[in-house]
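Asks: Here's a structure for you.
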Amino acid sequence: METVYITRRERFNSAHKLFREDWSIKKNNEVFGKCSNQNWHGHNYILFVTVKGVPNPETGFIINLKTLSKIINKEIIEELDHRNMNLDVPFLKGVIPSTENVVIKIWNRIVGPISDAGGDLAKIKLFETENNFVEYFGGREPF
Ligand code: NI
């Protein structure tokens, strides 16, 4: 089978802080550093959503990228862009908004709609900074 991976990139800006209320400010500082800043800080996130499949013989597509972009925008970008991850985003409620946790929540939110559109979600990559990113394969081994 000629499996191909296709990726759509989207961007959003969000504020957050990494902080545990059950820890002292000192301990939060030691563990989370600058990211524990009481008055929030923001990141310019870059999200890569990868779908795998065999190109449809009629269209040559694995998934229509317009459809994929629509799903990501509706489910993720509209929820996160210019929002505070700790306060404003229902699907992140009760979660420390580390890049690791956020990427799992993003997966769980779009895997269904992508599947409904005939796509097989393979990977999500999320850049928090130029130098730091995480990848998630839905809890499966990647290859
Ligand atoms: Ni941060």
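Order determines the names: the first chain of the structure tokens is A, the second B, and so forth; residues in each chain are numbered 1 upward, and ligands are numbered 1 upward as they are shown.
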Compute the set of protein, DNA and RNA residues whose minimum atom distance to ligand 1 is at most 10 Å, using only C-alpha atoms and all ligand atoms, and state it as a VMD selection string.

Replies: chain A and resid 14 to 18 32 to 37 40 to 44 97 to 99 128 to 129

Asks: Please provide the set of residues having any atom within 7 Å of segment 50-63 of chain A, restricted to only C-alpha atoms, with same-chain residues fewer than 2 positions apart removed, written as a short mmCIF file (atom, residue, chain, number, x, y, z; two decimals) with all heavy atoms, in the first residue's frame.

Replies:
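The result, written out as result05.cif:
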data_model
loop_
_atom_site.label_atom_id
_atom_site.label_comp_id
_atom_site.auth_asym_id
_atom_site.auth_seq_id
_atom_site.Cartn_x
_atom_site.Cartn_y
_atom_site.Cartn_z
N MET A 1 0.84 -1.20 0.00
CA MET A 1 0.00 0.00 0.00
C MET A 1 0.88 1.24 0.00
O MET A 1 1.84 1.35 0.75
CB MET A 1 -0.89 0.03 1.27
CG MET A 1 -1.95 -1.05 1.28
SD MET A 1 -3.26 -0.74 0.07
CE MET A 1 -4.55 -0.09 1.13
N GLU A 2 0.51 2.21 -0.84
CA GLU A 2 1.32 3.43 -0.96
C GLU A 2 0.86 4.47 0.05
O GLU A 2 0.18 5.44 -0.30
CB GLU A 2 1.21 3.99 -2.38
CG GLU A 2 1.62 3.02 -3.47
CD GLU A 2 3.12 2.71 -3.45
OE1 GLU A 2 3.89 3.52 -2.90
OE2 GLU A 2 3.51 1.67 -3.98
N THR A 3 1.22 4.24 1.29
CA THR A 3 0.80 5.18 2.33
C THR A 3 1.59 6.48 2.24
O THR A 3 2.82 6.46 2.13
CB THR A 3 0.98 4.57 3.73
OG1 THR A 3 0.21 3.38 3.81
CG2 THR A 3 0.55 5.53 4.82
N VAL A 4 0.86 7.59 2.27
CA VAL A 4 1.47 8.93 2.21
C VAL A 4 1.00 9.72 3.42
O VAL A 4 -0.12 9.53 3.90
CB VAL A 4 1.07 9.65 0.90
CG1 VAL A 4 1.66 11.04 0.84
CG2 VAL A 4 1.49 8.83 -0.31
N TYR A 5 1.87 10.59 3.92
CA TYR A 5 1.54 11.46 5.05
C TYR A 5 1.42 12.89 4.54
O TYR A 5 2.34 13.39 3.88
CB TYR A 5 2.63 11.40 6.13
CG TYR A 5 2.74 10.04 6.79
CD1 TYR A 5 3.34 8.97 6.14
CD2 TYR A 5 2.23 9.83 8.06
CE1 TYR A 5 3.43 7.72 6.73
CE2 TYR A 5 2.32 8.59 8.67
CZ TYR A 5 2.91 7.54 8.00
OH TYR A 5 3.00 6.31 8.61
N ILE A 6 0.33 13.56 4.87
CA ILE A 6 0.13 14.94 4.44
C ILE A 6 -0.10 15.81 5.68
O ILE A 6 -0.73 15.37 6.64
CB ILE A 6 -1.05 15.04 3.44
CG1 ILE A 6 -1.09 16.43 2.82
CG2 ILE A 6 -2.37 14.69 4.09
CD1 ILE A 6 -1.97 16.49 1.59
N THR A 7 0.45 17.02 5.66
CA THR A 7 0.42 17.86 6.85
C THR A 7 -0.13 19.24 6.55
O THR A 7 0.25 19.85 5.54
CB THR A 7 1.85 18.01 7.43
OG1 THR A 7 2.33 16.72 7.79
CG2 THR A 7 1.86 18.92 8.65
N ARG A 8 -1.00 19.70 7.41
CA ARG A 8 -1.51 21.07 7.36
C ARG A 8 -0.93 21.85 8.55
O ARG A 8 -0.94 21.37 9.67
CB ARG A 8 -3.04 21.05 7.44
CG ARG A 8 -3.70 22.41 7.55
CD ARG A 8 -3.69 23.18 6.25
NE ARG A 8 -4.08 24.56 6.47
CZ ARG A 8 -4.13 25.48 5.52
NH1 ARG A 8 -3.81 25.18 4.27
NH2 ARG A 8 -4.47 26.71 5.80
N PHE A 48 1.12 21.52 13.58
CA PHE A 48 1.17 20.70 12.36
C PHE A 48 0.30 19.47 12.58
O PHE A 48 0.52 18.71 13.51
CB PHE A 48 2.61 20.25 12.07
CG PHE A 48 3.55 21.37 11.74
CD1 PHE A 48 4.18 22.09 12.74
CD2 PHE A 48 3.82 21.71 10.42
CE1 PHE A 48 5.05 23.12 12.44
CE2 PHE A 48 4.70 22.74 10.11
CZ PHE A 48 5.31 23.45 11.12
N LEU A 65 -7.48 19.13 1.77
CA LEU A 65 -6.80 20.02 2.74
C LEU A 65 -7.70 21.15 3.19
O LEU A 65 -7.54 21.68 4.29
CB LEU A 65 -5.50 20.57 2.14
CG LEU A 65 -4.33 19.59 2.17
CD1 LEU A 65 -3.13 20.17 1.43
CD2 LEU A 65 -3.92 19.25 3.61
N GLY A 118 -13.14 11.16 6.64
CA GLY A 118 -12.45 10.11 5.89
C GLY A 118 -10.94 10.10 6.09
O GLY A 118 -10.23 9.43 5.34
N GLY A 119 -10.44 10.85 7.08
CA GLY A 119 -9.00 10.95 7.30
C GLY A 119 -8.54 10.10 8.48
O GLY A 119 -9.30 9.82 9.39
N ASP A 120 -7.28 9.73 8.45
CA ASP A 120 -6.68 8.93 9.52
C ASP A 120 -5.57 9.77 10.15
O ASP A 120 -4.46 9.88 9.61
CB ASP A 120 -6.12 7.64 8.92
CG ASP A 120 -5.58 6.68 9.97
OD1 ASP A 120 -5.67 7.00 11.18
OD2 ASP A 120 -5.06 5.62 9.59
N LEU A 121 -5.88 10.38 11.30
CA LEU A 121 -4.91 11.24 11.98
C LEU A 121 -3.69 10.43 12.39
O LEU A 121 -3.82 9.37 13.01
CB LEU A 121 -5.57 11.88 13.21
CG LEU A 121 -4.75 12.87 14.02
CD1 LEU A 121 -4.28 14.04 13.16
CD2 LEU A 121 -5.56 13.40 15.21
N ALA A 122 -2.50 10.90 12.02
CA ALA A 122 -1.28 10.13 12.27
C ALA A 122 -0.38 10.81 13.29
O ALA A 122 0.31 10.14 14.07
CB ALA A 122 -0.50 9.95 10.97
N LYS A 123 -0.36 12.15 13.28
CA LYS A 123 0.59 12.84 14.14
C LYS A 123 0.16 14.29 14.33
O LYS A 123 -0.38 14.90 13.41
CB LYS A 123 1.97 12.79 13.47
CG LYS A 123 3.01 13.73 14.04
CD LYS A 123 4.35 13.44 13.39
CE LYS A 123 5.23 14.66 13.31
NZ LYS A 123 6.55 14.35 12.73
N ILE A 124 0.44 14.79 15.51
CA ILE A 124 0.30 16.22 15.76
C ILE A 124 1.63 16.71 16.30
O ILE A 124 2.22 16.10 17.20
CB ILE A 124 -0.82 16.52 16.76
CG1 ILE A 124 -2.17 16.15 16.13
CG2 ILE A 124 -0.83 18.00 17.14
CD1 ILE A 124 -3.33 16.42 17.02
#

Asks: Please identify the strand (DSSP E or B) residues within chain A (assignment by DSSP from backbone atoms) and present them as number ranges by chain.

Replies: A: 4-16, 41-53, 83-84, 120-127, 133-136

Asks: From a DSSP calculation on the backbone, collect every residue of segment 38-91 of chain A in helix (DSSP H, G or I) and output the set as a list in words.

Replies: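 Listing helix (DSSP H, G or I) positions across segment 38-91 of chain A yields Leu65, Lys66, Thr67, Leu68, Ser69, Lys70, Ile71, Ile72, Asn73, Lys74, Glu75, Ile76, Ile77, Glu78, Glu79, Leu80, Pro90 and Phe91 of chain A.
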
Asks: Point out the residue among A:Ile71, A:Val49, A:Ile104, A:Met85 with the least atom-to-atom distance to Asp116 of chain A, counting only C-alpha atoms.

Replies: A:Ile71

Asks: State, in Å with one decimal place, the distance from atom CA of Asn132 of chain A to atom CA of Tyr45 of chain A.

Replies: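 The value is 10.3 Å.
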
Asks: Just checking: using only C-alpha atoms, which residue out of A:Ile110, A:Val134, A:Ile25, A:Leu87 ends up closest to Leu68 of chain A?

Replies: A:Ile110

Asks: Within 10 Å of Glu100 of chain A, counting only C-alpha atoms, which residues qualify if same-chain residues fewer than 5 places away don't, as number ranges by chain?

Replies: A: 105, 125-126, 133-136

Asks: Grab the atom CA of Ile106 of chain A to atom CA of Ile76 of chain A distance for me, in Å with one decimal place.

Replies: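 Pair atom CA of Ile106 of chain A / atom CA of Ile76 of chain A returns 6.9 Å.
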
Asks: Out of A:Gly139, A:Phe19, A:Phe127, A:Asn73, which residue has the shortest atom-to-atom distance to Asn86 of chain A when counting only C-alpha atoms?

Replies: A:Phe19

Asks: Restricting the calculation to only C-alpha atoms: of A:Pro142, A:Phe137, A:Lys27, A:Arg9, which residue gets closest to Lys66 of chain A?

Replies: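 Result for the nearest residue to Lys66 of chain A: A:Arg9.
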